Amino acid sequence: MLQLLKPLLFLYDSSLALLSTMFHGGGLKASMNGVGNGISMNTMWKETKSTLIVPMFKYIVDVCLILSLLVFVEWAYMNLVVLYVKLFNRKPERVYKWEAMQEDMELGPHQNYPMVLVQIPMYNEREVFELSIGAACRLIWPSDRLVIQVLDDSTDPAIMELIRMECAKWASKDITIHYQRRDNRNGYKAGALMHGMRHSYVKLCDYLAIFDADFQPEPDYLQRAIPFLIHNPEIALVQARWRFVNANTCLMTRMQEMTLNYHFMAEQQSGSTRHAFFGFNGTAGIWRIAAMEEAGGWKDRTTVEDMDLAVRVGLLDWKFVFINDLEVKSELPSKFKAFRFQQHRWSCGPANLFRKMTIDIIHNKCLPSRSSNPYLVNYILSFYPHHLRHHRHSKIVLPRGLLGFVRKCNGYAPDQRNFHWLI
């Protein structure tokens with residue numbers, strides 16, 4: 001115990017000596033005689049550095065290296081799972097019960113079809129609002145069993161009027177579509193989704209499909225995804241893959257496509273196959289509304305409301321399914337400003353959510369019943385190191401210059417070009 005307290009006691013004594021020198025104006029050596037036995041400032045810094053600062057940074061380096069090793073192990077495991085899926089053709093249709101939707105003549109036309117709500121959040125989407133609304137209205141599903149919500153938070157009056165007129169056009173074609181606005185933009189996208197769930201007609205719906213304003217589902221999207229939820233009551237979410245229509249616009253969009261394709265093919269497909277946790281992507285997915293309500297619904301406490309909901313639902317022991325061959329067309333940010341904003345949200349949001357959800361994950365009672373028992377470790381590996389690794393294109397989770405600082409404290413300063421593999 002004495003050895004552990006020695007650095008702290010030395011730092012305390014040295015601080016008292018320094019304060020005494022500053023406020024009493026005496027000579028440094030005279031002031032330090034009663035506390036540090038004639039220790040000079042240089043000696044005090046060297047002692048503090050060797051007993052406190054260097055060990056602390058060495059510990060941080062060790063933690064970063066351990067995280068990097070865990071990320072590598074999980075990366076190898078996920079790719080083995082993907083290889084298994086390809087070799088043995090383990091598609092979700094073979095793992096879960098799936099039957100095509102058919103009419104039940106005894107119940108009457110369309111009565112065996114569940115009510116589906118489609119939410120389309122928008123904010124000043126002049127270029128794509130027609131495509132997204134049109135794609136949602138063309139979904140093959142009985143018109144009396146489909147409700148479409150356009151949640152418009154636009155601030156431009158001209159765009160607001162264009163979106164309202166587009167909704168009116170489809171409403172005249174016997175499509176049940178609601179144009180919804182609110183008085184403020186509190187909570188941004190999450191706030192709009194929460195506001196949309198408060199309407200009375202939502203209580204009649206069983207499932208919720210979400211498409212961002214730049215996403216266009218294929219007409220058979222609901223017919224392929226809904227049967228998973230109907231025939232498997234333990235499933236809460238069916239997630240589709242994104243297909244990027246502007247991937248070849250520039251080098252930046254091509255790089256984004258490669259990164260996100262790995263996210264879908266390795267991370268989400270492997271998580272779905274081994275019944276482990278994987279996050280909701282915020283769009284191109286269908287939720288079981290009962291599972292959402294059990295978990296508390298949408299919350300606007302972070303900028304990643306999709307991940308927040310997925311974690312809370314996952315902690316209640318619901319299952320998620322990812323369908324790799326069910327694709328939804330979308331667009332990638334082609335301008336650096338939009339790309340930077342997106343990456344900032346994707347990186348900061350999970351860190352903030354991790355801070356808020358760690359205690360809930362640790363004390364969760366459903367974890368022992370899961371096949372992937374160490375849920376907390378899976379969550380940490382899925383979000384904290386991965387956001388550093390994927391979105392900053394690093395090969396190891398280690399801050400640049402940290403190793404150099406430790407080396408410098410030990411007597412020499414290395415050239416950082418020799419450590420180009422660090423962040």
# chains A, B, ... in the order shown; residues from 1 in each chain; ligands from 1
$ residues_around --residues "Leu309 (chain A)" --least-positions-apart "6" --cutoff "9 Å" --atoms "only C-alpha atoms" --output "mmCIF file with N, CA and C atoms, in the first residue's frame"
data_model
loop_
_atom_site.group_PDB
_atom_site.id
_atom_site.type_symbol
_atom_site.label_atom_id
_atom_site.label_comp_id
_atom_site.auth_asym_id
_atom_site.auth_seq_id
_atom_site.Cartn_x
_atom_site.Cartn_y
_atom_site.Cartn_z
ATOM 1 N N GLY A 279 -26.649 -3.118 -34.771
ATOM 2 C CA GLY A 279 -27.439 -1.904 -34.655
ATOM 3 C C GLY A 279 -28.397 -1.693 -35.809
ATOM 4 N N PHE A 280 -29.472 -0.985 -35.508
ATOM 5 C CA PHE A 280 -30.394 -0.525 -36.541
ATOM 6 C C PHE A 280 -29.733 0.634 -37.274
ATOM 7 N N MET A 292 -40.967 -1.949 -29.858
ATOM 8 C CA MET A 292 -40.569 -0.559 -29.650
ATOM 9 C C MET A 292 -41.211 0.009 -28.393
ATOM 10 N N ALA A 295 -39.728 -1.168 -25.164
ATOM 11 C CA ALA A 295 -38.424 -0.579 -24.871
ATOM 12 C C ALA A 295 -38.485 0.920 -24.603
ATOM 13 N N GLY A 296 -39.645 1.523 -24.739
ATOM 14 C CA GLY A 296 -39.786 2.948 -24.453
ATOM 15 C C GLY A 296 -39.891 3.843 -25.666
ATOM 16 N N GLY A 297 -39.896 3.254 -26.878
ATOM 17 C CA GLY A 297 -40.071 4.042 -28.092
ATOM 18 C C GLY A 297 -38.866 4.911 -28.422
ATOM 19 N N TRP A 298 -39.088 5.871 -29.319
ATOM 20 C CA TRP A 298 -38.014 6.764 -29.731
ATOM 21 C C TRP A 298 -37.625 7.684 -28.589
ATOM 22 N N LYS A 299 -36.338 8.001 -28.493
ATOM 23 C CA LYS A 299 -35.831 8.962 -27.514
ATOM 24 C C LYS A 299 -34.859 9.905 -28.215
#
$ residues_around --residues "region 239-251 of chain A" --least-positions-apart "3" --cutoff "8 Å" --atoms "only C-alpha atoms" --output "VMD selection string"
chain A and resid 254 to 257 264 280 to 281 284 to 286 320 to 332 334
$ write_last_selection --atoms "N, CA and C atoms" --output "PDB file, in the first residue's frame"
ATOM      1  N   ARG A 254     -16.825   6.475 -53.517  1.00  0.00           N
ATOM      2  CA  ARG A 254     -16.360   5.103 -53.708  1.00  0.00           C
ATOM      3  C   ARG A 254     -15.777   4.545 -52.410  1.00  0.00           C
ATOM      4  N   MET A 255     -15.025   5.353 -51.686  1.00  0.00           N
ATOM      5  CA  MET A 255     -14.465   4.915 -50.407  1.00  0.00           C
ATOM      6  C   MET A 255     -15.568   4.665 -49.389  1.00  0.00           C
ATOM      7  N   GLN A 256     -16.586   5.525 -49.375  1.00  0.00           N
ATOM      8  CA  GLN A 256     -17.713   5.303 -48.468  1.00  0.00           C
ATOM      9  C   GLN A 256     -18.423   4.000 -48.783  1.00  0.00           C
ATOM     10  N   GLU A 257     -18.583   3.710 -50.069  1.00  0.00           N
ATOM     11  CA  GLU A 257     -19.246   2.468 -50.463  1.00  0.00           C
ATOM     12  C   GLU A 257     -18.485   1.247 -49.955  1.00  0.00           C
ATOM     13  N   PHE A 264     -22.159  -3.877 -43.830  1.00  0.00           N
ATOM     14  CA  PHE A 264     -23.321  -4.727 -44.079  1.00  0.00           C
ATOM     15  C   PHE A 264     -22.938  -6.210 -44.200  1.00  0.00           C
ATOM     16  N   PHE A 280     -29.472  -0.985 -35.508  1.00  0.00           N
ATOM     17  CA  PHE A 280     -30.394  -0.525 -36.541  1.00  0.00           C
ATOM     18  C   PHE A 280     -29.733   0.634 -37.274  1.00  0.00           C
ATOM     19  N   ASN A 281     -29.840   0.652 -38.592  1.00  0.00           N
ATOM     20  CA  ASN A 281     -29.150   1.658 -39.403  1.00  0.00           C
ATOM     21  C   ASN A 281     -29.905   2.977 -39.526  1.00  0.00           C
ATOM     22  N   ALA A 284     -34.475   2.051 -43.798  1.00  0.00           N
ATOM     23  CA  ALA A 284     -34.566   0.795 -44.552  1.00  0.00           C
ATOM     24  C   ALA A 284     -34.766  -0.402 -43.635  1.00  0.00           C
ATOM     25  N   GLY A 285     -35.486  -0.208 -42.545  1.00  0.00           N
ATOM     26  CA  GLY A 285     -35.783  -1.291 -41.612  1.00  0.00           C
ATOM     27  C   GLY A 285     -37.242  -1.278 -41.211  1.00  0.00           C
ATOM     28  N   ILE A 286     -37.722  -2.420 -40.726  1.00  0.00           N
ATOM     29  CA  ILE A 286     -39.107  -2.553 -40.264  1.00  0.00           C
ATOM     30  C   ILE A 286     -39.084  -3.021 -38.815  1.00  0.00           C
ATOM     31  N   PHE A 320     -32.910  -9.568 -33.990  1.00  0.00           N
ATOM     32  CA  PHE A 320     -32.857  -8.757 -35.196  1.00  0.00           C
ATOM     33  C   PHE A 320     -32.437  -9.645 -36.367  1.00  0.00           C
ATOM     34  N   VAL A 321     -32.955  -9.331 -37.558  1.00  0.00           N
ATOM     35  CA  VAL A 321     -32.625 -10.087 -38.766  1.00  0.00           C
ATOM     36  C   VAL A 321     -32.140  -9.108 -39.832  1.00  0.00           C
ATOM     37  N   PHE A 322     -31.029  -9.452 -40.463  1.00  0.00           N
ATOM     38  CA  PHE A 322     -30.491  -8.663 -41.570  1.00  0.00           C
ATOM     39  C   PHE A 322     -30.629  -9.476 -42.853  1.00  0.00           C
ATOM     40  N   ILE A 323     -31.229  -8.866 -43.883  1.00  0.00           N
ATOM     41  CA  ILE A 323     -31.430  -9.539 -45.170  1.00  0.00           C
ATOM     42  C   ILE A 323     -30.481  -8.904 -46.177  1.00  0.00           C
ATOM     43  N   ASN A 324     -29.435  -9.619 -46.536  1.00  0.00           N
ATOM     44  CA  ASN A 324     -28.385  -9.055 -47.370  1.00  0.00           C
ATOM     45  C   ASN A 324     -28.837  -8.805 -48.805  1.00  0.00           C
ATOM     46  N   ASP A 325     -29.758  -9.623 -49.307  1.00  0.00           N
ATOM     47  CA  ASP A 325     -30.182  -9.471 -50.703  1.00  0.00           C
ATOM     48  C   ASP A 325     -31.450  -8.641 -50.853  1.00  0.00           C
ATOM     49  N   LEU A 326     -31.925  -8.031 -49.774  1.00  0.00           N
ATOM     50  CA  LEU A 326     -33.041  -7.084 -49.847  1.00  0.00           C
ATOM     51  C   LEU A 326     -32.440  -5.681 -49.805  1.00  0.00           C
ATOM     52  N   GLU A 327     -32.376  -5.023 -50.957  1.00  0.00           N
ATOM     53  CA  GLU A 327     -31.658  -3.762 -51.077  1.00  0.00           C
ATOM     54  C   GLU A 327     -32.614  -2.580 -51.236  1.00  0.00           C
ATOM     55  N   VAL A 328     -32.206  -1.455 -50.664  1.00  0.00           N
ATOM     56  CA  VAL A 328     -32.954  -0.203 -50.775  1.00  0.00           C
ATOM     57  C   VAL A 328     -32.011   0.846 -51.355  1.00  0.00           C
ATOM     58  N   LYS A 329     -32.440   1.493 -52.423  1.00  0.00           N
ATOM     59  CA  LYS A 329     -31.596   2.491 -53.079  1.00  0.00           C
ATOM     60  C   LYS A 329     -31.434   3.734 -52.194  1.00  0.00           C
ATOM     61  N   SER A 330     -30.211   4.254 -52.190  1.00  0.00           N
ATOM     62  CA  SER A 330     -29.916   5.440 -51.381  1.00  0.00           C
ATOM     63  C   SER A 330     -28.776   6.215 -52.034  1.00  0.00           C
ATOM     64  N   GLU A 331     -28.442   7.348 -51.437  1.00  0.00           N
ATOM     65  CA  GLU A 331     -27.360   8.186 -51.940  1.00  0.00           C
ATOM     66  C   GLU A 331     -26.338   8.438 -50.842  1.00  0.00           C
ATOM     67  N   LEU A 332     -25.087   8.545 -51.247  1.00  0.00           N
ATOM     68  CA  LEU A 332     -23.985   8.852 -50.341  1.00  0.00           C
ATOM     69  C   LEU A 332     -23.667  10.349 -50.388  1.00  0.00           C
ATOM     70  N   SER A 334     -21.818  13.377 -51.322  1.00  0.00           N
ATOM     71  CA  SER A 334     -20.810  13.615 -52.359  1.00  0.00           C
ATOM     72  C   SER A 334     -20.023  14.892 -52.134  1.00  0.00           C
TER      73      SER A 334
END
$ residues_around --residues "Arg182 (chain A)" --least-positions-apart "5" --cutoff "9 Å" --atoms "only C-alpha atoms" --output "VMD selection string"
chain A and resid 151 to 153 192 195
$ select_by_dssp --residues "region 52-208 of chain A" --states "alpha helix (DSSP H)" --output "short mmCIF file (atom, residue, chain, number, x, y, z; two decimals) with C-alpha atoms, in the first residue's frame"
data_model
loop_
_atom_site.label_atom_id
_atom_site.label_comp_id
_atom_site.auth_asym_id
_atom_site.auth_seq_id
_atom_site.Cartn_x
_atom_site.Cartn_y
_atom_site.Cartn_z
CA VAL A 54 4.93 7.78 -17.66
CA PRO A 55 3.20 4.86 -15.86
CA MET A 56 -0.18 6.44 -16.56
CA PHE A 57 0.50 6.77 -20.28
CA LYS A 58 1.99 3.28 -20.46
CA TYR A 59 -1.24 1.99 -18.94
CA ILE A 60 -3.29 3.86 -21.58
CA VAL A 61 -1.11 2.36 -24.33
CA ASP A 62 -1.67 -1.14 -22.91
CA VAL A 63 -5.44 -0.61 -22.84
CA CYS A 64 -5.42 0.63 -26.46
CA LEU A 65 -3.38 -2.36 -27.58
CA ILE A 66 -5.76 -4.75 -25.80
CA LEU A 67 -8.74 -3.10 -27.52
CA SER A 68 -6.95 -3.41 -30.85
CA LEU A 69 -6.36 -7.10 -30.26
CA LEU A 70 -10.02 -7.65 -29.37
CA VAL A 71 -11.12 -5.78 -32.49
CA PHE A 72 -8.84 -7.96 -34.63
CA VAL A 73 -10.14 -11.17 -33.05
CA GLU A 74 -13.74 -10.11 -33.62
CA TRP A 75 -12.92 -9.08 -37.19
CA ALA A 76 -11.53 -12.55 -37.91
CA TYR A 77 -14.52 -14.22 -36.25
CA MET A 78 -17.04 -12.16 -38.22
CA ASN A 79 -15.36 -13.01 -41.51
CA LEU A 80 -15.41 -16.72 -40.64
CA VAL A 81 -19.15 -16.42 -40.00
CA VAL A 82 -19.66 -14.70 -43.38
CA LEU A 83 -17.68 -17.49 -45.07
CA TYR A 84 -19.88 -20.06 -43.34
CA VAL A 85 -23.02 -18.27 -44.58
CA LYS A 86 -21.76 -18.30 -48.17
CA LEU A 87 -20.56 -21.92 -48.15
CA PHE A 88 -23.70 -23.37 -46.58
CA PRO A 92 -32.49 -15.85 -43.23
CA GLU A 93 -35.26 -17.63 -45.16
CA ARG A 94 -33.65 -20.95 -44.22
CA VAL A 95 -32.97 -20.03 -40.60
CA PHE A 129 -38.69 14.27 -51.80
CA GLU A 130 -40.59 13.20 -54.91
CA LEU A 131 -38.51 10.03 -55.29
CA SER A 132 -38.88 8.94 -51.67
CA ILE A 133 -42.60 9.68 -51.39
CA GLY A 134 -43.28 8.05 -54.76
CA ALA A 135 -41.32 4.91 -53.82
CA ALA A 136 -43.23 4.55 -50.53
CA CYS A 137 -46.59 5.00 -52.25
CA PRO A 157 -41.73 27.65 -47.09
CA ALA A 158 -41.31 26.82 -50.79
CA ILE A 159 -40.10 23.28 -50.04
CA MET A 160 -42.85 22.82 -47.46
CA GLU A 161 -45.46 23.67 -50.07
CA LEU A 162 -43.91 21.33 -52.66
CA ILE A 163 -43.92 18.40 -50.21
CA ARG A 164 -47.51 19.15 -49.16
CA MET A 165 -48.63 19.21 -52.80
CA GLU A 166 -46.84 15.91 -53.49
CA CYS A 167 -48.66 14.28 -50.57
CA ALA A 168 -51.97 15.68 -51.82
CA LYS A 169 -51.28 14.24 -55.28
CA TRP A 170 -50.85 10.70 -53.91
CA ALA A 171 -53.81 11.11 -51.54
CA TYR A 188 -34.41 16.78 -34.73
CA LYS A 189 -35.12 13.45 -36.47
CA ALA A 190 -35.86 11.59 -33.22
CA GLY A 191 -38.26 14.35 -32.18
CA ALA A 192 -40.09 14.12 -35.51
CA LEU A 193 -40.41 10.33 -35.20
CA MET A 194 -41.70 10.66 -31.64
CA HIS A 195 -44.25 13.25 -32.74
CA GLY A 196 -45.43 11.00 -35.56
#
$ atom_distance --atom1 "CA of Tyr221 (chain A)" --atom2 "CA of Trp141 (chain A)"
9.5 Å
$ select_by_dssp --residues "region 230-307 of chain A" --states "strand (DSSP E)" --output "list in words"
Ile235, Ala236, Leu237, Val238, Gln239, Ala240, Arg241, Trp242, Arg243, Phe244, Gly285, Ile286, Trp287 and Arg288 of chain A
$ write_last_selection --atoms "C-alpha atoms" --output "CSV table (one decimal), in the first residue's frame"
chain,number,residue,atom,x,y,z
A,235,ILE,CA,-38.1,-10.9,-34.1
A,236,ALA,CA,-38.3,-7.2,-33.5
A,237,LEU,CA,-36.4,-5.8,-36.5
A,238,VAL,CA,-35.9,-6.7,-40.1
A,239,GLN,CA,-33.0,-4.6,-41.6
A,240,ALA,CA,-32.4,-4.3,-45.3
A,241,ARG,CA,-29.1,-3.5,-47.1
A,242,TRP,CA,-28.4,-0.1,-48.7
A,243,ARG,CA,-27.6,0.1,-52.4
A,244,PHE,CA,-25.8,3.3,-53.4
A,285,GLY,CA,-35.8,-1.3,-41.6
A,286,ILE,CA,-39.1,-2.6,-40.3
A,287,TRP,CA,-39.9,-2.6,-36.5
A,288,ARG,CA,-42.4,-4.5,-34.6
$ closest_residue --among "A:Ile230, A:Met41, A:Val311, A:Cys205" --to "Val118 (chain A)" --atoms "only C-alpha atoms"
A:Cys205
$ closest_residue --among "A:Trp346, A:Tyr262, A:Phe278, A:Tyr207" --to "Leu229 (chain A)" --atoms "only C-alpha atoms"
A:Tyr207
$ atom_distance --atom1 "CA of Phe215 (chain A)" --atom2 "CA of Pro333 (chain A)"
12.9 Å
$ atom_distance --atom1 "CA of Cys348 (chain A)" --atom2 "CA of Leu260 (chain A)"
17.9 Å
